[in-house]
>>> print(open('entry33.txt').read())   # compact mmCIF, C-alpha atoms
# COMPACT_ATOMS: atom_id res chain seq x y z
CA MET A 1 -12.03 -10.06 -32.22
CA ASN A 2 -10.15 -6.77 -32.16
CA ASN A 3 -7.52 -5.95 -29.51
CA LYS A 4 -9.62 -3.47 -27.54
CA LYS A 5 -12.45 -5.95 -27.26
CA VAL A 6 -10.05 -8.69 -26.13
CA ASP A 7 -8.54 -6.35 -23.49
CA TRP A 8 -11.95 -5.37 -22.17
CA ASN A 9 -13.10 -8.99 -22.04
CA ASN A 10 -9.89 -9.99 -20.24
CA GLN A 11 -10.24 -7.22 -17.66
CA LEU A 12 -13.82 -8.16 -16.98
CA THR A 13 -13.28 -11.92 -16.76
CA LYS A 14 -10.18 -11.51 -14.56
CA GLY A 15 -12.33 -10.28 -11.71
CA MET A 16 -14.86 -13.01 -12.34
CA TYR A 17 -12.51 -15.96 -11.89
CA GLU A 18 -12.54 -15.71 -8.10
CA LEU A 19 -16.32 -15.51 -8.02
CA ALA A 20 -16.70 -18.41 -10.46
CA ILE A 21 -14.25 -20.58 -8.51
CA LEU A 22 -15.97 -19.77 -5.22
CA LEU A 23 -19.30 -20.69 -6.80
CA LEU A 24 -17.95 -24.02 -8.02
CA VAL A 25 -16.22 -25.11 -4.82
CA SER A 26 -19.12 -23.97 -2.63
CA LYS A 27 -21.17 -26.80 -4.15
CA LYS A 28 -18.60 -29.60 -3.87
CA ALA A 29 -14.89 -30.11 -3.35
CA MET A 30 -13.06 -29.95 -6.69
CA TYR A 31 -9.46 -30.31 -7.87
CA GLY A 32 -7.57 -27.81 -10.02
CA TYR A 33 -7.97 -29.42 -13.40
CA GLU A 34 -11.66 -30.09 -12.76
CA ILE A 35 -12.21 -26.40 -11.95
CA THR A 36 -10.26 -25.31 -15.04
CA LYS A 37 -12.38 -27.55 -17.28
CA LYS A 38 -15.59 -26.14 -15.81
CA LEU A 39 -14.40 -22.57 -16.30
CA GLN A 40 -13.32 -23.27 -19.86
CA GLN A 41 -16.84 -24.42 -20.65
CA GLY A 42 -18.07 -20.88 -19.99
CA THR A 43 -17.83 -18.79 -23.16
CA GLY A 44 -16.22 -15.76 -21.54
CA MET A 45 -13.68 -17.63 -19.44
CA GLN A 46 -10.48 -17.89 -21.49
CA LEU A 47 -8.45 -19.56 -18.76
CA ALA A 48 -5.30 -21.33 -20.00
CA ASN A 49 -4.55 -24.75 -18.58
CA GLY A 50 -2.40 -24.36 -15.48
CA SER A 51 -3.22 -20.69 -14.87
CA ILE A 52 -5.62 -21.46 -12.08
CA TYR A 53 -3.06 -22.25 -9.37
CA PRO A 54 -2.05 -18.69 -8.47
CA ILE A 55 -5.77 -17.84 -8.16
CA LEU A 56 -6.43 -20.86 -5.95
CA ARG A 57 -3.48 -19.91 -3.81
CA ARG A 58 -4.77 -16.36 -3.44
CA LEU A 59 -8.20 -17.64 -2.39
CA THR A 60 -6.59 -20.05 0.08
CA ASN A 61 -4.48 -17.32 1.63
CA ASN A 62 -7.53 -15.11 1.97
CA GLY A 63 -9.09 -17.93 3.97
CA TRP A 64 -11.93 -18.29 1.45
CA ILE A 65 -11.13 -21.83 0.41
CA GLU A 66 -9.34 -24.75 2.02
CA SER A 67 -7.97 -27.97 0.62
CA TYR A 68 -7.20 -31.58 1.39
CA GLN A 69 -5.08 -34.16 -0.42
CA GLU A 70 -6.25 -37.46 -1.79
CA GLU A 71 -4.43 -40.18 -3.69
CA HIS A 72 -5.73 -40.71 -7.20
CA GLU A 73 -4.25 -43.42 -9.42
CA GLY A 74 -0.93 -43.20 -7.62
CA ARG A 75 -0.64 -39.43 -7.65
CA SER A 76 -1.52 -36.79 -5.12
CA ARG A 77 -4.60 -34.73 -5.91
CA LYS A 78 -5.61 -31.60 -4.02
CA TYR A 79 -9.31 -30.88 -3.53
CA TYR A 80 -10.61 -27.40 -2.74
CA PHE A 81 -13.76 -26.44 -0.89
CA SER A 82 -15.12 -23.12 0.32
CA THR A 83 -15.00 -21.96 3.93
CA LYS A 84 -17.67 -20.11 5.88
CA GLU A 85 -15.87 -16.84 5.10
CA GLY A 86 -15.62 -17.89 1.43
CA ASN A 87 -19.38 -18.43 1.30
CA ARG A 88 -19.94 -15.03 2.88
CA VAL A 89 -17.69 -13.36 0.29
CA LEU A 90 -19.43 -15.31 -2.46
CA VAL A 91 -22.87 -14.01 -1.44
CA GLU A 92 -21.54 -10.48 -1.05
CA ARG A 93 -19.86 -10.46 -4.48
CA TYR A 94 -22.74 -12.14 -6.22
CA GLU A 95 -25.15 -9.56 -4.85
CA PHE A 96 -22.83 -6.77 -5.92
CA MET A 97 -22.57 -8.25 -9.42
CA GLU A 98 -26.36 -8.51 -9.65
CA GLU A 99 -26.70 -4.93 -8.50
CA LEU A 100 -24.16 -3.81 -11.08
CA PHE A 101 -25.81 -5.78 -13.85
CA GLY A 102 -29.19 -4.40 -12.82
CA PHE A 103 -27.81 -0.88 -12.99
CA ILE A 104 -26.32 -1.42 -16.46
CA THR A 105 -29.56 -3.02 -17.65
CA ALA A 106 -31.55 -0.10 -16.28
CA LEU A 107 -29.23 2.32 -18.09
CA LYS A 108 -29.67 0.38 -21.31
CA ASP A 109 -33.45 0.35 -20.93
CA GLY A 110 -33.40 4.06 -20.27
CA GLU A 111 -35.05 4.08 -16.83
CA ASP A 112 -35.03 7.51 -15.23
CA ASN A 113 -34.76 6.47 -11.61
CA VAL A 114 -31.31 4.75 -11.67
CA MET B 1 2.89 -22.93 -25.63
CA SER B 2 5.94 -24.39 -23.95
CA ASP B 3 9.49 -25.18 -25.14
CA VAL B 4 9.88 -28.18 -22.86
CA VAL B 5 9.46 -31.59 -24.46
CA SER B 6 8.14 -33.73 -21.62
CA ILE B 7 6.12 -33.45 -18.43
CA GLU B 8 9.16 -34.54 -16.46
CA GLU B 9 11.18 -31.70 -17.98
CA TYR B 10 8.40 -29.18 -17.31
CA LEU B 11 8.33 -30.23 -13.66
CA ALA B 12 12.13 -30.20 -13.38
CA VAL B 13 12.29 -26.64 -14.76
CA MET B 14 9.43 -25.60 -12.49
CA GLU B 15 11.18 -27.10 -9.46
CA VAL B 16 14.26 -24.99 -10.15
CA LYS B 17 12.21 -21.85 -10.65
CA LEU B 18 10.29 -22.38 -7.40
CA ARG B 19 13.43 -23.10 -5.38
CA TYR B 20 12.99 -20.04 -3.13
CA LEU B 21 9.58 -21.20 -1.93
CA PRO B 22 9.37 -23.31 1.25
CA LYS B 23 9.96 -26.96 0.35
CA LYS B 24 6.45 -28.11 1.29
CA GLU B 25 4.82 -25.36 -0.72
CA GLN B 26 7.07 -26.02 -3.71
CA GLN B 27 6.15 -29.71 -3.61
CA GLN B 28 2.42 -28.94 -3.40
CA HIS B 29 2.65 -26.77 -6.52
CA LEU B 30 4.60 -29.47 -8.36
CA ASN B 31 2.07 -32.15 -7.36
CA GLU B 32 -0.86 -30.07 -8.58
CA ILE B 33 0.79 -29.15 -11.86
CA LYS B 34 1.81 -32.75 -12.43
CA ASP B 35 -1.74 -33.92 -11.77
CA GLU B 36 -3.16 -31.42 -14.25
CA LEU B 37 -0.59 -32.23 -16.95
CA LEU B 38 -1.19 -35.98 -16.59
CA SER B 39 -4.97 -35.43 -16.64
CA LEU B 40 -4.60 -33.36 -19.80
CA LYS B 41 -2.43 -36.03 -21.39
CA GLU B 42 -4.98 -38.74 -20.54
CA GLU B 43 -7.73 -36.58 -22.03
CA MET B 44 -5.74 -36.07 -25.22
CA VAL B 45 -5.67 -39.85 -25.62
CA SER B 46 -9.20 -40.74 -24.52
CA ASP B 47 -11.22 -37.78 -25.81
CA VAL B 48 -9.20 -36.34 -28.68
CA GLY B 49 -7.70 -39.61 -29.91
CA TYR B 50 -3.99 -38.78 -29.92
CA LYS B 51 -1.41 -41.52 -29.51
CA VAL B 52 0.25 -41.66 -26.09
CA GLU B 53 3.58 -40.34 -27.48
CA SER B 54 2.09 -37.23 -29.07
CA ALA B 55 -0.52 -36.70 -26.33
CA GLU B 56 2.15 -35.56 -23.88
CA GLN B 57 3.44 -32.92 -26.28
CA LYS B 58 -0.11 -31.74 -27.04
CA ALA B 59 -0.85 -31.48 -23.33
CA LEU B 60 2.27 -29.36 -22.86
CA GLU B 61 1.35 -27.15 -25.81
CA SER B 62 -2.04 -26.41 -24.31
CA PHE B 63 -0.50 -25.69 -20.92
CA VAL B 64 0.69 -22.28 -19.75
CA ALA B 65 4.47 -21.79 -20.36
CA VAL B 66 6.66 -22.84 -17.47
CA ASP B 67 8.28 -19.37 -17.19
CA THR B 68 4.90 -17.61 -17.07
CA LEU B 69 3.40 -19.92 -14.45
CA ALA B 70 6.53 -19.95 -12.29
CA LYS B 71 6.68 -16.15 -12.38
CA GLU B 72 3.02 -15.87 -11.35
CA ILE B 73 3.52 -18.28 -8.45
CA VAL B 74 6.71 -16.58 -7.23
CA ASP B 75 5.23 -13.08 -7.62
CA GLN B 76 2.20 -14.14 -5.63
CA TYR B 77 4.41 -15.66 -2.92
CA ASN B 78 6.53 -12.48 -2.68
CA LYS B 79 3.43 -10.32 -2.48
CA GLU B 80 2.04 -12.44 0.34
CA GLN B 81 5.32 -12.26 2.25
CA ASN B 82 5.26 -8.47 1.95
CA ASP B 83 1.64 -8.39 3.10
CA TYR B 84 2.38 -10.53 6.16
CA PHE B 85 5.13 -8.26 7.40
CA SER B 86 3.61 -4.90 6.58
CA GLY B 87 0.45 -2.85 6.83
CA LYS B 88 -2.24 -4.05 9.17
CA ASN B 89 -0.05 -6.74 10.73
CA ILE B 90 2.88 -4.49 11.55
CA GLY B 91 1.74 -4.21 15.19
CA PHE B 92 1.67 -7.96 15.57
CA VAL B 93 5.10 -8.28 13.92
CA PHE B 94 6.44 -5.71 16.39
CA ILE B 95 4.93 -7.59 19.35
CA THR B 96 6.36 -10.95 18.33
CA GLY B 97 9.70 -9.32 17.45
CA SER B 98 9.85 -7.71 20.90
CA LEU B 99 9.05 -11.07 22.47
CA LEU B 100 11.95 -12.72 20.66
CA SER B 101 14.50 -9.93 21.13
CA GLY B 102 13.54 -9.52 24.80
CA SER B 103 13.94 -13.25 25.43
CA ALA B 104 17.31 -13.22 23.69
CA VAL B 105 18.72 -10.23 25.58
CA LEU B 106 17.65 -11.67 28.95
CA ALA B 107 20.13 -14.50 28.36
CA PHE B 108 23.16 -12.15 28.23
CA PRO B 109 24.03 -12.32 31.97
CA ILE B 110 24.74 -16.02 31.52
CA TYR B 111 27.71 -15.13 29.35
CA TYR B 112 28.91 -12.21 31.47
CA GLY B 113 28.61 -14.16 34.74
CA GLY B 114 26.95 -11.23 36.51
CA ILE B 115 24.92 -8.04 36.04
CA ASP B 116 26.74 -4.72 36.15
CA GLY B 117 25.23 -1.23 35.88
CA SER B 118 25.03 -0.92 32.11
CA LEU B 119 23.79 -4.48 31.62
CA ALA B 120 21.14 -3.86 34.28
CA GLY B 121 19.88 -0.89 32.25
CA THR B 122 19.71 -2.94 29.06
CA LEU B 123 17.98 -5.81 30.87
CA GLY B 124 15.49 -3.43 32.45
CA ALA B 125 14.57 -1.88 29.11
CA HIS B 126 14.18 -5.24 27.41
CA SER B 127 12.25 -6.72 30.35
CA LEU B 128 9.81 -3.82 30.08
CA LYS B 129 9.51 -4.34 26.32
CA LEU B 130 8.95 -8.06 26.88
CA LEU B 131 6.29 -7.37 29.48
CA ILE B 132 4.44 -4.98 27.17
CA ALA B 133 4.69 -7.47 24.29
CA LEU B 134 3.31 -10.28 26.49
CA SER B 135 0.47 -8.08 27.72
CA PHE B 136 -0.58 -7.30 24.15
CA LEU B 137 -0.16 -10.89 23.04
CA PHE B 138 -2.22 -12.41 25.84
CA LEU B 139 -4.72 -9.64 26.51
CA TYR B 140 -5.29 -7.84 23.20
CA PHE B 141 -4.67 -10.33 20.39
CA PRO B 142 -6.44 -13.58 21.48
CA THR B 143 -9.70 -12.54 19.81
CA ARG B 144 -7.97 -10.81 16.87
CA PHE B 145 -6.13 -13.65 15.19
CA ASN B 146 -6.43 -14.23 11.46
CA ALA B 147 -4.66 -16.47 8.93
CA GLU B 148 -1.88 -13.92 8.30
CA ARG B 149 -1.17 -13.36 11.99
CA MET B 150 -1.14 -17.12 12.53
CA LYS B 151 1.70 -17.42 10.01
CA ILE B 152 3.68 -14.76 11.85
CA PHE B 153 2.85 -16.43 15.17
CA ARG B 154 4.09 -19.75 13.82
CA PHE B 155 7.43 -18.15 12.90
CA ALA B 156 7.61 -16.57 16.37
CA ARG B 157 6.92 -19.91 18.04
CA ILE B 158 9.74 -21.52 16.07
CA GLY B 159 11.91 -18.51 16.96
CA ILE B 160 11.25 -19.01 20.68
CA ILE B 161 12.65 -22.53 20.40
CA GLY B 162 15.64 -21.26 18.40
CA ILE B 163 16.39 -18.67 21.08
CA LEU B 164 17.38 -21.48 23.47
CA VAL B 165 20.66 -21.66 21.56
CA ILE B 166 21.67 -18.30 23.10
CA PRO B 167 21.50 -19.14 26.86
CA ILE B 168 22.88 -22.65 26.37
CA GLY B 169 25.65 -21.41 24.06
CA ALA B 170 26.42 -18.56 26.47
CA PHE B 171 26.67 -21.00 29.37
CA PHE B 172 29.12 -23.24 27.52
CA LEU B 173 31.21 -20.26 26.42
CA SER B 174 31.25 -18.88 29.94
CA THR B 175 32.23 -22.29 31.35
CA PHE B 176 34.94 -22.72 28.75
CA GLN B 177 36.41 -19.28 29.45
CA SER B 178 36.43 -19.59 33.23
CA ASP B 179 37.82 -23.15 33.48
CA GLY B 180 34.93 -24.32 35.60
CA VAL B 181 31.21 -23.95 36.10
CA PRO B 182 30.47 -20.32 37.07
CA LEU B 183 27.82 -20.48 39.75
CA PHE B 184 26.00 -17.28 38.76
CA SER B 185 25.70 -18.42 35.14
CA PHE B 186 24.52 -21.84 36.23
CA TYR B 187 21.77 -20.58 38.53
CA TYR B 188 20.75 -17.87 36.07
CA LEU B 189 20.53 -20.50 33.31
CA ILE B 190 18.29 -22.68 35.48
CA GLY B 191 16.06 -19.68 36.21
CA TYR B 192 16.05 -18.71 32.55
CA LEU B 193 15.05 -22.22 31.45
CA ILE B 194 12.19 -22.31 33.97
CA GLY B 195 10.99 -18.92 32.73
CA TRP B 196 11.37 -20.02 29.12
CA SER B 197 9.38 -23.24 29.76
CA ILE B 198 6.50 -21.28 31.30
CA LEU B 199 6.56 -18.82 28.39
CA TYR B 200 6.68 -21.61 25.81
CA TYR B 201 3.81 -23.46 27.48
CA ALA B 202 1.68 -20.31 27.59
CA ILE B 203 2.47 -19.43 23.97
CA THR B 204 1.68 -22.96 22.77
CA ARG B 205 -1.67 -22.84 24.55
CA LEU B 206 -2.43 -19.46 23.04
CA TYR B 207 -1.35 -20.71 19.61
CA LYS B 208 -3.77 -23.66 19.79
CA ARG B 209 -6.61 -21.48 21.03
CA ALA B 210 -5.85 -18.95 18.30
CA TRP B 211 -6.30 -21.63 15.64
CA ILE B 212 -9.77 -22.32 17.03
CA THR B 213 -10.55 -18.58 16.83
CA VAL B 214 -9.37 -18.46 13.21
CA ALA B 215 -11.34 -21.60 12.32
CA MET B 216 -14.51 -20.21 13.90
CA ASN B 217 -14.15 -16.89 12.12
CA GLY B 218 -13.28 -18.46 8.79
>>> encode(input="entry33.txt", output="structure tokens")
Amino acid sequence: MNNKKVDWNNQLTKGMYELAILLLVSKKAMYGYEITKKLQQGTGMQLANGSIYPILRRLTNNGWIESYQEEHEGRSRKYYFSTKEGNRVLVERYEFMEELFGFITALKDGEDNV
Amino acid sequence: MSDVVSIEEYLAVMEVKLRYLPKKEQQQHLNEIKDELLSLKEEMVSDVGYKVESAEQKALESFVAVDTLAKEIVDQYNKEQNDYFSGKNIGFVFITGSLLSGSAVLAFPIYYGGIDGSLAGTLGAHSLKLLIALSFLFLYFPTRFNAERMKIFRFARIGIIGILVIPIGAFFLSTFQSDGVPLFSFYYLIGYLIGWSILYYAITRLYKRAWITVAMNG
């Protein structure tokens, strides 16, 4: 992959992490490593192990996710879940992304009324 | 890729780098990172088939470098601190600041043992400021709390407790300097403590209610 393509992919996926995390934790409470593994399964998500914590912190401070601690095999594990506000933001962003994708698709297909 | 050779070392370096964060927050980060590193190590053994000794090194190699992660966490923390005390919350910071400074200045007569002309002017100005701050806090903000304002409010609540050092310290200083208990200072201190208790009770009630508002909105 050339550098320009990597840069573009990185820019695009950067904004998608928050949406992807919100999507995951809106379904069930998940811990950091579990979320990272899920994101790494997606082809476009090149998230390094450990890089998720600043993003989770940002989401927590925005009031979009909350967490609770649980003991797991003698160590403390933090589970994240989405809040009401997080779910609202999720719907809003998902709709925007769909709209954007629809617009790009329409441009590609050459529709006149976009 | 990381230069550290063990998970313990990674966490020790991280602990040093996160030393400016509040202790609880620092510990939460360390716990999470430790959990992920140990999970990775376990996976390297069970799924990839590495031996336990080399699995730890492989887990560290696949993990973001300690310097990079620590910098991201600290940068994020600094940005949040700047956000809390600037922009849209500046009004709330001013209100809570006025509350604290007003409460502090009102304790001055305890030290001076009386109120002369210039002190009366200062007290009047700060009493007015305190009154305006309380009006905004109890009449304007109750329905406008959010997570950021709650953090500022928490600091202010701790500050209100800390302010008690001023009247009590002033009373002891005044007593020490006058070789006896100065009656004005004593009665003023009693009055101040009654006023402080009412204020603290009201603020604590507001603080608890505000959490409900934030929870309902979020």
>>> residues_around(input="entry33.txt", residues="region 18-25 of chain A", least_positions_apart="2", cutoff="6 Å", atoms="all atoms listed in the file", output="compact mmCIF listing (two decimals) with C-alpha atoms, in the coordinates of the input")
# COMPACT_ATOMS: atom_id res chain seq x y z
CA MET A 16 -14.86 -13.01 -12.34
CA LYS A 27 -21.17 -26.80 -4.15
CA LYS A 28 -18.60 -29.60 -3.87
CA ALA A 29 -14.89 -30.11 -3.35
CA PHE A 81 -13.76 -26.44 -0.89
CA SER A 82 -15.12 -23.12 0.32
>>> closest_residue(input="entry33.txt", among="B:Ala170, B:Ala70, B:Ala156, B:Ile95", to="chain A", atoms="only C-alpha atoms")
B:Ala70
>>> closest_atom_pairs(input="entry33.txt", of="chain A", to="chain B", cutoff="12 Å", atoms="only C-alpha atoms", output="JSON lines")
{"residue": "A:Tyr31", "atom": "CA", "partner": "B:Glu32", "partner_atom": "CA", "distance": 8.6}
{"residue": "A:Gly32", "atom": "CA", "partner": "B:Glu36", "partner_atom": "CA", "distance": 7.1}
{"residue": "A:Tyr33", "atom": "CA", "partner": "B:Glu36", "partner_atom": "CA", "distance": 5.3}
{"residue": "A:Glu34", "atom": "CA", "partner": "B:Glu36", "partner_atom": "CA", "distance": 8.7}
{"residue": "A:Ile35", "atom": "CA", "partner": "B:Glu36", "partner_atom": "CA", "distance": 10.6}
{"residue": "A:Thr36", "atom": "CA", "partner": "B:Glu36", "partner_atom": "CA", "distance": 9.4}
{"residue": "A:Lys37", "atom": "CA", "partner": "B:Leu40", "partner_atom": "CA", "distance": 10.0}
{"residue": "A:Leu47", "atom": "CA", "partner": "B:Val64", "partner_atom": "CA", "distance": 9.6}
{"residue": "A:Ala48", "atom": "CA", "partner": "B:Val64", "partner_atom": "CA", "distance": 6.1}
{"residue": "A:Asn49", "atom": "CA", "partner": "B:Phe63", "partner_atom": "CA", "distance": 4.8}
{"residue": "A:Gly50", "atom": "CA", "partner": "B:Val64", "partner_atom": "CA", "distance": 5.7}
{"residue": "A:Ser51", "atom": "CA", "partner": "B:Val64", "partner_atom": "CA", "distance": 6.5}
{"residue": "A:Ile52", "atom": "CA", "partner": "B:Leu69", "partner_atom": "CA", "distance": 9.5}
{"residue": "A:Tyr53", "atom": "CA", "partner": "B:Ile73", "partner_atom": "CA", "distance": 7.7}
{"residue": "A:Pro54", "atom": "CA", "partner": "B:Ile73", "partner_atom": "CA", "distance": 5.6}
{"residue": "A:Ile55", "atom": "CA", "partner": "B:Gln76", "partner_atom": "CA", "distance": 9.1}
{"residue": "A:Leu56", "atom": "CA", "partner": "B:Ile73", "partner_atom": "CA", "distance": 10.6}
{"residue": "A:Arg57", "atom": "CA", "partner": "B:Gln76", "partner_atom": "CA", "distance": 8.3}
{"residue": "A:Arg58", "atom": "CA", "partner": "B:Gln76", "partner_atom": "CA", "distance": 7.6}
{"residue": "A:Leu59", "atom": "CA", "partner": "B:Gln76", "partner_atom": "CA", "distance": 11.4}
{"residue": "A:Thr60", "atom": "CA", "partner": "B:Ala147", "partner_atom": "CA", "distance": 9.7}
{"residue": "A:Asn61", "atom": "CA", "partner": "B:Ala147", "partner_atom": "CA", "distance": 7.4}
{"residue": "A:Asn62", "atom": "CA", "partner": "B:Ala147", "partner_atom": "CA", "distance": 7.7}
{"residue": "A:Gly63", "atom": "CA", "partner": "B:Gly218", "partner_atom": "CA", "distance": 6.4}
{"residue": "A:Trp64", "atom": "CA", "partner": "B:Gly218", "partner_atom": "CA", "distance": 7.5}
{"residue": "A:Ile65", "atom": "CA", "partner": "B:Gly218", "partner_atom": "CA", "distance": 9.3}
{"residue": "A:Glu66", "atom": "CA", "partner": "B:Gly218", "partner_atom": "CA", "distance": 10.0}
{"residue": "A:Ser67", "atom": "CA", "partner": "B:Gln28", "partner_atom": "CA", "distance": 11.2}
{"residue": "A:Tyr68", "atom": "CA", "partner": "B:Gln28", "partner_atom": "CA", "distance": 11.1}
{"residue": "A:Gln69", "atom": "CA", "partner": "B:Gln28", "partner_atom": "CA", "distance": 9.6}
{"residue": "A:Glu70", "atom": "CA", "partner": "B:Asn31", "partner_atom": "CA", "distance": 11.3}
{"residue": "A:Glu71", "atom": "CA", "partner": "B:Asp35", "partner_atom": "CA", "distance": 10.6}
{"residue": "A:His72", "atom": "CA", "partner": "B:Asp35", "partner_atom": "CA", "distance": 9.1}
{"residue": "A:Glu73", "atom": "CA", "partner": "B:Asp35", "partner_atom": "CA", "distance": 10.1}
{"residue": "A:Gly74", "atom": "CA", "partner": "B:Asp35", "partner_atom": "CA", "distance": 10.2}
{"residue": "A:Arg75", "atom": "CA", "partner": "B:Asp35", "partner_atom": "CA", "distance": 7.0}
{"residue": "A:Ser76", "atom": "CA", "partner": "B:Asn31", "partner_atom": "CA", "distance": 6.3}
{"residue": "A:Arg77", "atom": "CA", "partner": "B:Glu32", "partner_atom": "CA", "distance": 6.5}
{"residue": "A:Lys78", "atom": "CA", "partner": "B:Glu32", "partner_atom": "CA", "distance": 6.8}
{"residue": "A:Tyr79", "atom": "CA", "partner": "B:Glu32", "partner_atom": "CA", "distance": 9.9}
{"residue": "A:Tyr80", "atom": "CA", "partner": "B:Glu32", "partner_atom": "CA", "distance": 11.7}
{"residue": "A:Ser82", "atom": "CA", "partner": "B:Gly218", "partner_atom": "CA", "distance": 9.8}
{"residue": "A:Thr83", "atom": "CA", "partner": "B:Gly218", "partner_atom": "CA", "distance": 6.2}
{"residue": "A:Lys84", "atom": "CA", "partner": "B:Gly218", "partner_atom": "CA", "distance": 5.5}
{"residue": "A:Glu85", "atom": "CA", "partner": "B:Gly218", "partner_atom": "CA", "distance": 4.8}
{"residue": "A:Gly86", "atom": "CA", "partner": "B:Gly218", "partner_atom": "CA", "distance": 7.7}
{"residue": "A:Asn87", "atom": "CA", "partner": "B:Gly218", "partner_atom": "CA", "distance": 9.7}
{"residue": "A:Arg88", "atom": "CA", "partner": "B:Gly218", "partner_atom": "CA", "distance": 9.5}
{"residue": "A:Val89", "atom": "CA", "partner": "B:Gly218", "partner_atom": "CA", "distance": 10.8}
>>> atom_distance(input="entry33.txt", atom1="CA of Val5 (chain B)", atom2="CA of Met30 (chain A)")
28.7 Å
>>> atom_distance(input="entry33.txt", atom1="CA of Ser178 (chain B)", atom2="CA of Gly117 (chain B)")
21.7 Å
